[in-house]
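Here's the structure, in structure tokens; my notes come after.
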Amino acid sequence: MNKWDYRFMEMAKLVSTWSSCFQPGREIGAVIVKDKRVMTTGYNGAPAGIKTCKEKGECLRRKLNIPSGTRAEVCYAIHAEQNAVIQAAKLGVSIDGGTCYCTHQPCSVCAKILVNAGIRRIVYEQGYPDPFALEILGEAGVQLERWGEQAQEDTP
């Protein structure tokens, strides 16, 4: 890991603070970078025009007792990585060949989207209970790196 990785991971953490997720600890941020330039950002939140979980005052997944890593479709939020790819599409920005910096390991749905968007490298900080995502990323040849304390200690 280098100083650029450190900078972009810090940016992903900042973007995660924009999350409208009601569940503490589930604030997720993503930054897609190409040639050391930020192409797009994304955070987990409700689609445009839909009330967020914070506005509703409850987490639908918690209300229905859905465990983390399962039934991702039962949630008002769009994942951070999905929002970053959607933003690129809306703006007409190519992210093919880019790197996605995420606060959390992508789920299998996000992994498939990132693969098809041409993301070649993913750097993430926290794990996520979805081994199928790891299988998809591995088979697609996407470089997956976990950002950890050791990397942060070595980076100014």
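Identifiers in this document derive from the order of the structure tokens: chains are assigned A, B, ..., residues are numbered from 1 separately in each chain, and ligands are numbered from 1 in order of occurrence.
Using only C-alpha atoms, the protein and nucleic acid residues lying no more than 7 Å from A:Val123, apart from those fewer than 6 places from it along its own chain, are Cys100, Tyr101, Cys102, Leu144, Glu145, Arg146 and Trp147 of chain A.
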Include N, CA, C and O atoms and write out the residues we just selected as a tab-separated table (two decimals), in the first residue's frame.
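Output contents, as saved in selection35.tsv:
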```tsv
chain	number	residue	atom	x	y	z
A	100	CYS	N	-11.52	0.46	-6.89
A	100	CYS	CA	-12.59	0.85	-5.98
A	100	CYS	C	-12.07	0.72	-4.55
A	100	CYS	O	-11.64	-0.36	-4.14
A	101	TYR	N	-12.08	1.83	-3.83
A	101	TYR	CA	-11.73	1.85	-2.41
A	101	TYR	C	-13.04	1.83	-1.63
A	101	TYR	O	-13.90	2.67	-1.86
A	102	CYS	N	-13.19	0.84	-0.75
A	102	CYS	CA	-14.44	0.66	-0.01
A	102	CYS	C	-14.14	0.52	1.48
A	102	CYS	O	-13.14	-0.09	1.86
A	144	LEU	N	-7.84	-8.06	-4.99
A	144	LEU	CA	-8.55	-7.70	-3.77
A	144	LEU	C	-7.54	-7.55	-2.64
A	144	LEU	O	-6.77	-8.47	-2.37
A	145	GLU	N	-7.53	-6.37	-2.01
A	145	GLU	CA	-6.56	-6.10	-0.95
A	145	GLU	C	-7.29	-5.56	0.27
A	145	GLU	O	-8.09	-4.64	0.17
A	146	ARG	N	-6.95	-6.14	1.41
A	146	ARG	CA	-7.53	-5.65	2.66
A	146	ARG	C	-6.62	-4.59	3.26
A	146	ARG	O	-5.43	-4.80	3.44
A	147	TRP	N	-7.21	-3.43	3.53
A	147	TRP	CA	-6.49	-2.32	4.14
A	147	TRP	C	-6.50	-2.57	5.64
A	147	TRP	O	-7.56	-2.67	6.24
```
### Message
Quick check for you: according to DSSP on this backbone, which residues of chain A are classed as strand (DSSP E or B)? Reply as a PyMOL selection string.
### Response
chain A and resi 29-34+37-43+45+78+99-104+121-126+143-146
When you look at stretch 34-41 of chain A with a cut-off of 10 Å (counting only C-alpha atoms), what residues show up, excluding the ones that are within fewer than 4 positions of it in the same chain? I need them as a PDB file with N, CA, C and O atoms, in the first residue's frame.
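Here's the written file around26.pdb:
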```pdb
ATOM      1  N   TRP A   4      -1.061   6.984  -1.869  1.00  0.00           N
ATOM      2  CA  TRP A   4      -2.293   7.196  -2.628  1.00  0.00           C
ATOM      3  C   TRP A   4      -3.401   6.298  -2.092  1.00  0.00           C
ATOM      4  O   TRP A   4      -4.543   6.717  -1.947  1.00  0.00           O
ATOM      5  N   ASP A   5      -3.066   5.040  -1.801  1.00  0.00           N
ATOM      6  CA  ASP A   5      -4.045   4.129  -1.207  1.00  0.00           C
ATOM      7  C   ASP A   5      -4.550   4.710   0.111  1.00  0.00           C
ATOM      8  O   ASP A   5      -5.755   4.690   0.385  1.00  0.00           O
ATOM      9  N   PHE A   8      -6.978   7.646  -0.590  1.00  0.00           N
ATOM     10  CA  PHE A   8      -8.279   7.253  -1.131  1.00  0.00           C
ATOM     11  C   PHE A   8      -9.098   6.450  -0.114  1.00  0.00           C
ATOM     12  O   PHE A   8     -10.324   6.551  -0.099  1.00  0.00           O
ATOM     13  N   MET A  11     -10.623   8.961   2.068  1.00  0.00           N
ATOM     14  CA  MET A  11     -11.749   9.581   1.367  1.00  0.00           C
ATOM     15  C   MET A  11     -12.980   8.679   1.421  1.00  0.00           C
ATOM     16  O   MET A  11     -14.099   9.164   1.641  1.00  0.00           O
ATOM     17  N   ALA A  12     -12.794   7.370   1.257  1.00  0.00           N
ATOM     18  CA  ALA A  12     -13.926   6.435   1.345  1.00  0.00           C
ATOM     19  C   ALA A  12     -14.551   6.496   2.737  1.00  0.00           C
ATOM     20  O   ALA A  12     -15.777   6.453   2.883  1.00  0.00           O
ATOM     21  N   VAL A  15     -16.629   9.657   2.873  1.00  0.00           N
ATOM     22  CA  VAL A  15     -17.863   9.479   2.104  1.00  0.00           C
ATOM     23  C   VAL A  15     -18.856   8.619   2.894  1.00  0.00           C
ATOM     24  O   VAL A  15     -20.064   8.854   2.842  1.00  0.00           O
ATOM     25  N   SER A  16     -18.362   7.662   3.662  1.00  0.00           N
ATOM     26  CA  SER A  16     -19.265   6.799   4.445  1.00  0.00           C
ATOM     27  C   SER A  16     -20.075   7.595   5.463  1.00  0.00           C
ATOM     28  O   SER A  16     -21.162   7.175   5.845  1.00  0.00           O
ATOM     29  N   GLY A  29     -18.820   3.576   2.547  1.00  0.00           N
ATOM     30  CA  GLY A  29     -18.398   4.529   1.531  1.00  0.00           C
ATOM     31  C   GLY A  29     -17.545   3.853   0.480  1.00  0.00           C
ATOM     32  O   GLY A  29     -16.853   2.865   0.768  1.00  0.00           O
ATOM     33  N   ALA A  30     -17.593   4.381  -0.736  1.00  0.00           N
ATOM     34  CA  ALA A  30     -16.784   3.858  -1.842  1.00  0.00           C
ATOM     35  C   ALA A  30     -16.285   5.020  -2.682  1.00  0.00           C
ATOM     36  O   ALA A  30     -16.998   6.012  -2.884  1.00  0.00           O
ATOM     37  N   ALA A  80     -23.009   1.301  -1.421  1.00  0.00           N
ATOM     38  CA  ALA A  80     -22.071   2.366  -1.793  1.00  0.00           C
ATOM     39  C   ALA A  80     -21.422   2.109  -3.148  1.00  0.00           C
ATOM     40  O   ALA A  80     -21.336   3.015  -3.987  1.00  0.00           O
ATOM     41  N   GLU A  81     -20.988   0.869  -3.373  1.00  0.00           N
ATOM     42  CA  GLU A  81     -20.337   0.537  -4.637  1.00  0.00           C
ATOM     43  C   GLU A  81     -21.314   0.693  -5.803  1.00  0.00           C
ATOM     44  O   GLU A  81     -20.950   1.181  -6.874  1.00  0.00           O
ATOM     45  N   GLN A  82     -22.557   0.270  -5.592  1.00  0.00           N
ATOM     46  CA  GLN A  82     -23.581   0.424  -6.631  1.00  0.00           C
ATOM     47  C   GLN A  82     -23.807   1.895  -6.943  1.00  0.00           C
ATOM     48  O   GLN A  82     -23.897   2.280  -8.111  1.00  0.00           O
ATOM     49  N   ASN A  83     -23.909   2.725  -5.909  1.00  0.00           N
ATOM     50  CA  ASN A  83     -24.109   4.156  -6.126  1.00  0.00           C
ATOM     51  C   ASN A  83     -22.933   4.785  -6.868  1.00  0.00           C
ATOM     52  O   ASN A  83     -23.127   5.662  -7.710  1.00  0.00           O
ATOM     53  N   ALA A  84     -21.709   4.334  -6.582  1.00  0.00           N
ATOM     54  CA  ALA A  84     -20.541   4.863  -7.284  1.00  0.00           C
ATOM     55  C   ALA A  84     -20.581   4.494  -8.769  1.00  0.00           C
ATOM     56  O   ALA A  84     -20.285   5.329  -9.632  1.00  0.00           O
ATOM     57  N   VAL A  85     -20.968   3.265  -9.084  1.00  0.00           N
ATOM     58  CA  VAL A  85     -21.070   2.838 -10.488  1.00  0.00           C
ATOM     59  C   VAL A  85     -22.224   3.572 -11.179  1.00  0.00           C
ATOM     60  O   VAL A  85     -22.088   4.023 -12.321  1.00  0.00           O
ATOM     61  N   ILE A  86     -23.339   3.720 -10.491  1.00  0.00           N
ATOM     62  CA  ILE A  86     -24.482   4.455 -11.055  1.00  0.00           C
ATOM     63  C   ILE A  86     -24.099   5.896 -11.352  1.00  0.00           C
ATOM     64  O   ILE A  86     -24.448   6.442 -12.403  1.00  0.00           O
ATOM     65  N   GLN A  87     -23.364   6.515 -10.429  1.00  0.00           N
ATOM     66  CA  GLN A  87     -22.926   7.896 -10.644  1.00  0.00           C
ATOM     67  C   GLN A  87     -22.047   7.989 -11.893  1.00  0.00           C
ATOM     68  O   GLN A  87     -22.201   8.915 -12.695  1.00  0.00           O
ATOM     69  N   ALA A  88     -21.155   7.029 -12.079  1.00  0.00           N
ATOM     70  CA  ALA A  88     -20.308   7.027 -13.273  1.00  0.00           C
ATOM     71  C   ALA A  88     -21.159   6.941 -14.532  1.00  0.00           C
ATOM     72  O   ALA A  88     -20.924   7.663 -15.507  1.00  0.00           O
ATOM     73  N   ALA A  89     -22.171   6.065 -14.519  1.00  0.00           N
ATOM     74  CA  ALA A  89     -23.047   5.920 -15.685  1.00  0.00           C
ATOM     75  C   ALA A  89     -23.821   7.204 -15.958  1.00  0.00           C
ATOM     76  O   ALA A  89     -23.920   7.637 -17.119  1.00  0.00           O
ATOM     77  N   LEU A  91     -23.023  10.225 -15.209  1.00  0.00           N
ATOM     78  CA  LEU A  91     -22.134  11.305 -15.624  1.00  0.00           C
ATOM     79  C   LEU A  91     -21.362  10.989 -16.904  1.00  0.00           C
ATOM     80  O   LEU A  91     -20.636  11.833 -17.407  1.00  0.00           O
ATOM     81  N   VAL A  93     -18.861   8.790 -17.157  1.00  0.00           N
ATOM     82  CA  VAL A  93     -17.457   8.671 -16.773  1.00  0.00           C
ATOM     83  C   VAL A  93     -17.035   7.210 -16.858  1.00  0.00           C
ATOM     84  O   VAL A  93     -17.669   6.348 -16.252  1.00  0.00           O
ATOM     85  N   SER A  94     -15.963   6.933 -17.591  1.00  0.00           N
ATOM     86  CA  SER A  94     -15.462   5.566 -17.684  1.00  0.00           C
ATOM     87  C   SER A  94     -14.685   5.212 -16.428  1.00  0.00           C
ATOM     88  O   SER A  94     -13.768   5.925 -16.022  1.00  0.00           O
ATOM     89  N   ILE A  95     -15.055   4.087 -15.818  1.00  0.00           N
ATOM     90  CA  ILE A  95     -14.321   3.584 -14.659  1.00  0.00           C
ATOM     91  C   ILE A  95     -13.619   2.271 -15.006  1.00  0.00           C
ATOM     92  O   ILE A  95     -13.042   1.629 -14.136  1.00  0.00           O
ATOM     93  N   ASP A  96     -13.651   1.896 -16.272  1.00  0.00           N
ATOM     94  CA  ASP A  96     -13.012   0.681 -16.757  1.00  0.00           C
ATOM     95  C   ASP A  96     -11.520   0.728 -16.443  1.00  0.00           C
ATOM     96  O   ASP A  96     -10.841   1.698 -16.782  1.00  0.00           O
ATOM     97  N   GLY A  97     -11.031  -0.294 -15.756  1.00  0.00           N
ATOM     98  CA  GLY A  97      -9.622  -0.345 -15.393  1.00  0.00           C
ATOM     99  C   GLY A  97      -9.312   0.348 -14.077  1.00  0.00           C
ATOM    100  O   GLY A  97      -8.154   0.429 -13.681  1.00  0.00           O
ATOM    101  N   GLY A  98     -10.332   0.836 -13.385  1.00  0.00           N
ATOM    102  CA  GLY A  98     -10.132   1.591 -12.154  1.00  0.00           C
ATOM    103  C   GLY A  98     -10.002   0.731 -10.914  1.00  0.00           C
ATOM    104  O   GLY A  98     -10.076  -0.495 -10.953  1.00  0.00           O
ATOM    105  N   THR A  99      -9.815   1.435  -9.798  1.00  0.00           N
ATOM    106  CA  THR A  99      -9.735   0.831  -8.471  1.00  0.00           C
ATOM    107  C   THR A  99     -10.891   1.347  -7.637  1.00  0.00           C
ATOM    108  O   THR A  99     -11.203   2.540  -7.676  1.00  0.00           O
ATOM    109  N   CYS A 100     -11.523   0.460  -6.894  1.00  0.00           N
ATOM    110  CA  CYS A 100     -12.595   0.847  -5.976  1.00  0.00           C
ATOM    111  C   CYS A 100     -12.069   0.722  -4.551  1.00  0.00           C
ATOM    112  O   CYS A 100     -11.639  -0.358  -4.140  1.00  0.00           O
ATOM    113  N   TYR A 101     -12.080   1.829  -3.832  1.00  0.00           N
ATOM    114  CA  TYR A 101     -11.734   1.848  -2.411  1.00  0.00           C
ATOM    115  C   TYR A 101     -13.035   1.828  -1.634  1.00  0.00           C
ATOM    116  O   TYR A 101     -13.900   2.674  -1.858  1.00  0.00           O
ATOM    117  N   CYS A 102     -13.191   0.839  -0.750  1.00  0.00           N
ATOM    118  CA  CYS A 102     -14.438   0.659  -0.005  1.00  0.00           C
ATOM    119  C   CYS A 102     -14.138   0.518   1.480  1.00  0.00           C
ATOM    120  O   CYS A 102     -13.137  -0.087   1.855  1.00  0.00           O
ATOM    121  N   ILE A 119     -13.777  -2.767 -13.056  1.00  0.00           N
ATOM    122  CA  ILE A 119     -12.896  -2.503 -11.920  1.00  0.00           C
ATOM    123  C   ILE A 119     -11.874  -3.629 -11.829  1.00  0.00           C
ATOM    124  O   ILE A 119     -12.231  -4.805 -11.842  1.00  0.00           O
TER     125      ILE A 119
END
```
### Query
Which neighbours of A:Asn44 fall inside 7 Å, counting only C-alpha atoms, when residues of the same chain fewer than 3 positions from it are skipped, and could you give them as an MDAnalysis selection string?
chainID A and resid 19:21 27:29 77:80
Output file for the residues above (N, CA and C atoms, as a PDB file, in the first residue's frame):
```
ATOM      1  N   SER A  19     -23.736   8.428   4.667  1.00  0.00           N
ATOM      2  CA  SER A  19     -24.701   7.337   4.629  1.00  0.00           C
ATOM      3  C   SER A  19     -26.003   7.714   5.343  1.00  0.00           C
ATOM      4  N   SER A  20     -27.106   7.217   4.796  1.00  0.00           N
ATOM      5  CA  SER A  20     -28.406   7.431   5.449  1.00  0.00           C
ATOM      6  C   SER A  20     -28.921   6.134   6.075  1.00  0.00           C
ATOM      7  N   CYS A  21     -27.993   5.190   6.300  1.00  0.00           N
ATOM      8  CA  CYS A  21     -28.362   3.922   6.936  1.00  0.00           C
ATOM      9  C   CYS A  21     -28.659   4.166   8.407  1.00  0.00           C
ATOM     10  N   GLU A  27     -22.459   2.254   8.048  1.00  0.00           N
ATOM     11  CA  GLU A  27     -22.205   3.366   7.146  1.00  0.00           C
ATOM     12  C   GLU A  27     -21.067   2.955   6.210  1.00  0.00           C
ATOM     13  N   ILE A  28     -21.354   2.892   4.924  1.00  0.00           N
ATOM     14  CA  ILE A  28     -20.402   2.384   3.938  1.00  0.00           C
ATOM     15  C   ILE A  28     -20.088   3.478   2.930  1.00  0.00           C
ATOM     16  N   GLY A  29     -18.820   3.576   2.547  1.00  0.00           N
ATOM     17  CA  GLY A  29     -18.398   4.529   1.531  1.00  0.00           C
ATOM     18  C   GLY A  29     -17.545   3.853   0.480  1.00  0.00           C
ATOM     19  N   ALA A  77     -31.726   0.805   1.162  1.00  0.00           N
ATOM     20  CA  ALA A  77     -30.471   1.391   0.702  1.00  0.00           C
ATOM     21  C   ALA A  77     -29.926   0.708  -0.540  1.00  0.00           C
ATOM     22  N   ILE A  78     -29.298   1.513  -1.353  1.00  0.00           N
ATOM     23  CA  ILE A  78     -28.463   1.033  -2.451  1.00  0.00           C
ATOM     24  C   ILE A  78     -27.046   1.024  -1.889  1.00  0.00           C
ATOM     25  N   HIS A  79     -26.295  -0.020  -2.163  1.00  0.00           N
ATOM     26  CA  HIS A  79     -24.947  -0.119  -1.612  1.00  0.00           C
ATOM     27  C   HIS A  79     -24.030   0.968  -2.180  1.00  0.00           C
ATOM     28  N   ALA A  80     -23.009   1.301  -1.421  1.00  0.00           N
ATOM     29  CA  ALA A  80     -22.071   2.366  -1.793  1.00  0.00           C
ATOM     30  C   ALA A  80     -21.422   2.109  -3.148  1.00  0.00           C
TER      31      ALA A  80
END
```
### Computed interatomic separation between atom CA of A:Ala46 and atom CA of A:Tyr6 (Å)
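Computed distance, atom CA of A:Ala46 to atom CA of A:Tyr6, equals 28.2 Å.
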Write out as a compact mmCIF listing (two decimals) with all heavy atoms, in the first residue's frame all residues of stretch 29-135 of chain A that DSSP puts in alpha helix (DSSP H) for this structure's backbone.
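As written to disk, out_34.txt reads:
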```txt
# COMPACT_ATOMS: atom_id res chain seq x y z
N CYS A 53 -33.89 5.34 5.72
CA CYS A 53 -34.18 4.64 6.98
C CYS A 53 -34.10 5.62 8.16
O CYS A 53 -34.88 5.52 9.10
CB CYS A 53 -33.21 3.48 7.18
SG CYS A 53 -33.42 2.20 5.93
N LYS A 54 -33.15 6.55 8.10
CA LYS A 54 -33.04 7.55 9.16
C LYS A 54 -34.32 8.38 9.23
O LYS A 54 -34.82 8.66 10.31
CB LYS A 54 -31.82 8.45 8.95
CG LYS A 54 -30.52 7.79 9.32
CD LYS A 54 -29.36 8.74 9.17
CE LYS A 54 -28.05 8.06 9.56
NZ LYS A 54 -26.90 8.93 9.37
N GLU A 55 -34.84 8.75 8.06
CA GLU A 55 -36.08 9.53 8.03
C GLU A 55 -37.27 8.70 8.52
O GLU A 55 -38.18 9.22 9.17
CB GLU A 55 -36.36 10.04 6.62
CG GLU A 55 -35.37 11.10 6.16
CD GLU A 55 -35.49 11.43 4.68
OE1 GLU A 55 -35.81 10.53 3.87
OE2 GLU A 55 -35.26 12.60 4.34
N LYS A 56 -37.25 7.40 8.22
CA LYS A 56 -38.33 6.51 8.66
C LYS A 56 -38.19 6.13 10.13
O LYS A 56 -39.15 5.66 10.74
CB LYS A 56 -38.36 5.25 7.79
CG LYS A 56 -38.76 5.53 6.35
CD LYS A 56 -38.70 4.28 5.50
CE LYS A 56 -39.01 4.67 4.07
NZ LYS A 56 -39.39 3.56 3.25
N LEU A 60 -35.33 -1.54 8.17
CA LEU A 60 -36.22 -2.61 7.72
C LEU A 60 -35.59 -3.98 7.98
O LEU A 60 -36.27 -4.91 8.41
CB LEU A 60 -36.54 -2.44 6.24
CG LEU A 60 -37.42 -3.50 5.60
CD1 LEU A 60 -38.81 -3.51 6.26
CD2 LEU A 60 -37.55 -3.24 4.10
N ARG A 61 -34.30 -4.12 7.74
CA ARG A 61 -33.62 -5.40 7.93
C ARG A 61 -33.64 -5.81 9.40
O ARG A 61 -33.87 -6.96 9.73
CB ARG A 61 -32.19 -5.32 7.41
CG ARG A 61 -32.14 -5.13 5.88
CD ARG A 61 -30.73 -5.02 5.39
NE ARG A 61 -29.93 -6.19 5.69
CZ ARG A 61 -30.01 -7.36 5.04
NH1 ARG A 61 -30.85 -7.51 4.04
NH2 ARG A 61 -29.24 -8.36 5.39
N ARG A 62 -33.40 -4.85 10.28
CA ARG A 62 -33.44 -5.15 11.71
C ARG A 62 -34.87 -5.49 12.14
O ARG A 62 -35.09 -6.43 12.90
CB ARG A 62 -32.92 -3.95 12.52
CG ARG A 62 -32.77 -4.29 14.00
CD ARG A 62 -32.30 -3.12 14.81
NE ARG A 62 -30.93 -2.77 14.45
CZ ARG A 62 -30.38 -1.61 14.75
NH1 ARG A 62 -31.07 -0.69 15.39
NH2 ARG A 62 -29.15 -1.34 14.41
N LYS A 63 -35.84 -4.76 11.61
CA LYS A 63 -37.25 -5.01 11.93
C LYS A 63 -37.66 -6.42 11.54
O LYS A 63 -38.40 -7.09 12.26
CB LYS A 63 -38.12 -3.98 11.20
CG LYS A 63 -39.60 -4.11 11.43
CD LYS A 63 -40.34 -3.04 10.64
CE LYS A 63 -41.84 -3.20 10.71
NZ LYS A 63 -42.53 -2.18 9.91
N ALA A 80 -23.01 1.30 -1.42
CA ALA A 80 -22.07 2.37 -1.79
C ALA A 80 -21.42 2.11 -3.15
O ALA A 80 -21.34 3.02 -3.99
CB ALA A 80 -21.00 2.50 -0.71
N GLU A 81 -20.99 0.87 -3.37
CA GLU A 81 -20.34 0.54 -4.64
C GLU A 81 -21.31 0.69 -5.80
O GLU A 81 -20.95 1.18 -6.87
CB GLU A 81 -19.81 -0.90 -4.61
CG GLU A 81 -18.86 -1.20 -3.47
CD GLU A 81 -19.54 -1.72 -2.21
OE1 GLU A 81 -20.72 -1.38 -1.96
OE2 GLU A 81 -18.89 -2.48 -1.47
N GLN A 82 -22.56 0.27 -5.59
CA GLN A 82 -23.58 0.42 -6.63
C GLN A 82 -23.81 1.89 -6.94
O GLN A 82 -23.90 2.28 -8.11
CB GLN A 82 -24.88 -0.24 -6.18
CG GLN A 82 -24.78 -1.74 -6.04
CD GLN A 82 -26.00 -2.36 -5.38
OE1 GLN A 82 -27.05 -1.75 -5.31
NE2 GLN A 82 -25.84 -3.58 -4.88
N ASN A 83 -23.91 2.73 -5.91
CA ASN A 83 -24.11 4.16 -6.13
C ASN A 83 -22.93 4.78 -6.87
O ASN A 83 -23.13 5.66 -7.71
CB ASN A 83 -24.37 4.88 -4.80
CG ASN A 83 -25.85 4.96 -4.49
OD1 ASN A 83 -26.68 5.07 -5.38
ND2 ASN A 83 -26.18 4.92 -3.21
N ALA A 84 -21.71 4.33 -6.58
CA ALA A 84 -20.54 4.86 -7.28
C ALA A 84 -20.58 4.49 -8.77
O ALA A 84 -20.28 5.33 -9.63
CB ALA A 84 -19.26 4.37 -6.63
N VAL A 85 -20.97 3.26 -9.08
CA VAL A 85 -21.07 2.84 -10.49
C VAL A 85 -22.22 3.57 -11.18
O VAL A 85 -22.09 4.02 -12.32
CB VAL A 85 -21.23 1.30 -10.59
CG1 VAL A 85 -21.54 0.87 -12.02
CG2 VAL A 85 -19.96 0.61 -10.08
N ILE A 86 -23.34 3.72 -10.49
CA ILE A 86 -24.48 4.46 -11.05
C ILE A 86 -24.10 5.90 -11.35
O ILE A 86 -24.45 6.44 -12.40
CB ILE A 86 -25.70 4.38 -10.10
CG1 ILE A 86 -26.26 2.96 -10.06
CG2 ILE A 86 -26.78 5.39 -10.49
CD1 ILE A 86 -27.22 2.71 -8.90
N GLN A 87 -23.36 6.51 -10.43
CA GLN A 87 -22.93 7.90 -10.64
C GLN A 87 -22.05 7.99 -11.89
O GLN A 87 -22.20 8.92 -12.69
CB GLN A 87 -22.17 8.41 -9.41
CG GLN A 87 -21.77 9.86 -9.52
CD GLN A 87 -20.97 10.34 -8.34
OE1 GLN A 87 -19.94 9.74 -7.99
NE2 GLN A 87 -21.42 11.41 -7.71
N ALA A 88 -21.16 7.03 -12.08
CA ALA A 88 -20.31 7.03 -13.27
C ALA A 88 -21.16 6.94 -14.53
O ALA A 88 -20.92 7.66 -15.51
CB ALA A 88 -19.31 5.87 -13.22
N ALA A 89 -22.17 6.07 -14.52
CA ALA A 89 -23.05 5.92 -15.69
C ALA A 89 -23.82 7.20 -15.96
O ALA A 89 -23.92 7.64 -17.12
CB ALA A 89 -24.01 4.75 -15.47
N LYS A 90 -24.36 7.80 -14.91
CA LYS A 90 -25.13 9.03 -15.09
C LYS A 90 -24.28 10.17 -15.64
O LYS A 90 -24.75 10.99 -16.42
CB LYS A 90 -25.76 9.47 -13.76
CG LYS A 90 -26.97 8.66 -13.36
CD LYS A 90 -27.58 9.16 -12.08
CE LYS A 90 -28.37 10.42 -12.33
NZ LYS A 90 -29.16 10.84 -11.16
N LEU A 91 -23.02 10.22 -15.21
CA LEU A 91 -22.13 11.30 -15.62
C LEU A 91 -21.36 10.99 -16.90
O LEU A 91 -20.64 11.83 -17.41
CB LEU A 91 -21.15 11.63 -14.50
CG LEU A 91 -21.76 12.14 -13.20
CD1 LEU A 91 -20.70 12.29 -12.12
CD2 LEU A 91 -22.49 13.46 -13.43
N SER A 108 -21.72 -9.99 -2.91
CA SER A 108 -21.68 -10.67 -4.21
C SER A 108 -22.37 -9.86 -5.30
O SER A 108 -21.91 -9.85 -6.44
CB SER A 108 -22.26 -12.08 -4.11
OG SER A 108 -23.56 -12.05 -3.61
N VAL A 109 -23.46 -9.17 -4.98
CA VAL A 109 -24.14 -8.34 -5.99
C VAL A 109 -23.21 -7.21 -6.43
O VAL A 109 -23.03 -6.97 -7.63
CB VAL A 109 -25.48 -7.79 -5.45
CG1 VAL A 109 -26.09 -6.80 -6.43
CG2 VAL A 109 -26.45 -8.92 -5.16
N CYS A 110 -22.61 -6.52 -5.48
CA CYS A 110 -21.68 -5.43 -5.81
C CYS A 110 -20.46 -5.97 -6.55
O CYS A 110 -19.96 -5.33 -7.47
CB CYS A 110 -21.27 -4.68 -4.56
SG CYS A 110 -22.61 -3.68 -3.85
N ALA A 111 -19.98 -7.15 -6.14
CA ALA A 111 -18.83 -7.75 -6.81
C ALA A 111 -19.12 -7.95 -8.29
O ALA A 111 -18.29 -7.61 -9.15
CB ALA A 111 -18.46 -9.08 -6.14
N LYS A 112 -20.30 -8.48 -8.61
CA LYS A 112 -20.66 -8.70 -10.02
C LYS A 112 -20.75 -7.39 -10.78
O LYS A 112 -20.30 -7.29 -11.92
CB LYS A 112 -21.98 -9.47 -10.11
CG LYS A 112 -21.86 -10.92 -9.64
CD LYS A 112 -23.14 -11.69 -9.83
CE LYS A 112 -23.96 -11.69 -8.58
NZ LYS A 112 -25.15 -12.55 -8.66
N ILE A 113 -21.31 -6.38 -10.15
CA ILE A 113 -21.43 -5.06 -10.79
C ILE A 113 -20.05 -4.46 -11.04
O ILE A 113 -19.77 -3.94 -12.13
CB ILE A 113 -22.31 -4.12 -9.94
CG1 ILE A 113 -23.77 -4.59 -9.99
CG2 ILE A 113 -22.17 -2.67 -10.39
CD1 ILE A 113 -24.69 -3.90 -8.99
N LEU A 114 -19.17 -4.55 -10.04
CA LEU A 114 -17.83 -3.99 -10.18
C LEU A 114 -17.04 -4.73 -11.27
O LEU A 114 -16.32 -4.10 -12.05
CB LEU A 114 -17.09 -4.03 -8.84
CG LEU A 114 -17.64 -3.09 -7.77
CD1 LEU A 114 -17.00 -3.38 -6.42
CD2 LEU A 114 -17.44 -1.63 -8.15
N VAL A 115 -17.18 -6.05 -11.33
CA VAL A 115 -16.52 -6.83 -12.38
C VAL A 115 -16.99 -6.35 -13.75
O VAL A 115 -16.17 -6.07 -14.64
CB VAL A 115 -16.78 -8.35 -12.20
CG1 VAL A 115 -16.39 -9.12 -13.46
CG2 VAL A 115 -16.03 -8.88 -10.99
N ASN A 116 -18.29 -6.22 -13.94
CA ASN A 116 -18.81 -5.82 -15.25
C ASN A 116 -18.51 -4.36 -15.59
O ASN A 116 -18.47 -3.99 -16.76
CB ASN A 116 -20.31 -6.08 -15.35
CG ASN A 116 -20.61 -7.48 -15.83
OD1 ASN A 116 -19.70 -8.29 -15.97
ND2 ASN A 116 -21.87 -7.77 -16.07
N ALA A 117 -18.27 -3.54 -14.57
CA ALA A 117 -17.91 -2.14 -14.82
C ALA A 117 -16.43 -2.01 -15.17
O ALA A 117 -15.98 -0.92 -15.53
CB ALA A 117 -18.23 -1.30 -13.58
N PRO A 131 -18.67 -15.15 1.24
CA PRO A 131 -17.59 -15.85 0.54
C PRO A 131 -17.84 -15.96 -0.97
O PRO A 131 -16.89 -16.06 -1.74
CB PRO A 131 -17.55 -17.22 1.20
CG PRO A 131 -18.75 -17.34 2.06
CD PRO A 131 -19.32 -15.97 2.26
N PHE A 132 -19.11 -15.93 -1.39
CA PHE A 132 -19.40 -16.00 -2.83
C PHE A 132 -18.82 -14.78 -3.56
O PHE A 132 -18.33 -14.90 -4.67
CB PHE A 132 -20.91 -16.12 -3.06
CG PHE A 132 -21.29 -16.35 -4.49
CD1 PHE A 132 -20.71 -17.36 -5.24
CD2 PHE A 132 -22.25 -15.55 -5.10
CE1 PHE A 132 -21.07 -17.57 -6.57
CE2 PHE A 132 -22.62 -15.75 -6.42
CZ PHE A 132 -22.04 -16.76 -7.16
N ALA A 133 -18.84 -13.62 -2.90
CA ALA A 133 -18.25 -12.41 -3.49
C ALA A 133 -16.76 -12.63 -3.75
O ALA A 133 -16.24 -12.25 -4.81
CB ALA A 133 -18.47 -11.21 -2.59
N LEU A 134 -16.08 -13.25 -2.80
CA LEU A 134 -14.65 -13.51 -2.96
C LEU A 134 -14.39 -14.46 -4.12
O LEU A 134 -13.44 -14.29 -4.88
CB LEU A 134 -14.08 -14.10 -1.66
CG LEU A 134 -14.21 -13.22 -0.42
CD1 LEU A 134 -13.68 -13.95 0.81
CD2 LEU A 134 -13.51 -11.89 -0.61
N GLU A 135 -15.27 -15.45 -4.26
CA GLU A 135 -15.15 -16.40 -5.38
C GLU A 135 -15.32 -15.67 -6.72
O GLU A 135 -14.54 -15.88 -7.65
CB GLU A 135 -16.21 -17.49 -5.23
CG GLU A 135 -16.17 -18.55 -6.31
CD GLU A 135 -17.27 -19.59 -6.16
OE1 GLU A 135 -17.69 -19.87 -5.01
OE2 GLU A 135 -17.72 -20.11 -7.20
```
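Relative to atom CA of A:Glu73, atom CA of A:Glu58 is found at 16.7 Å.
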### Task
Would you mind telling me which residue in A:Gln143, A:Ser68, A:Gln126, A:Thr103 lies nearest to A:Thr17 when using only C-alpha atoms?
A:Thr103
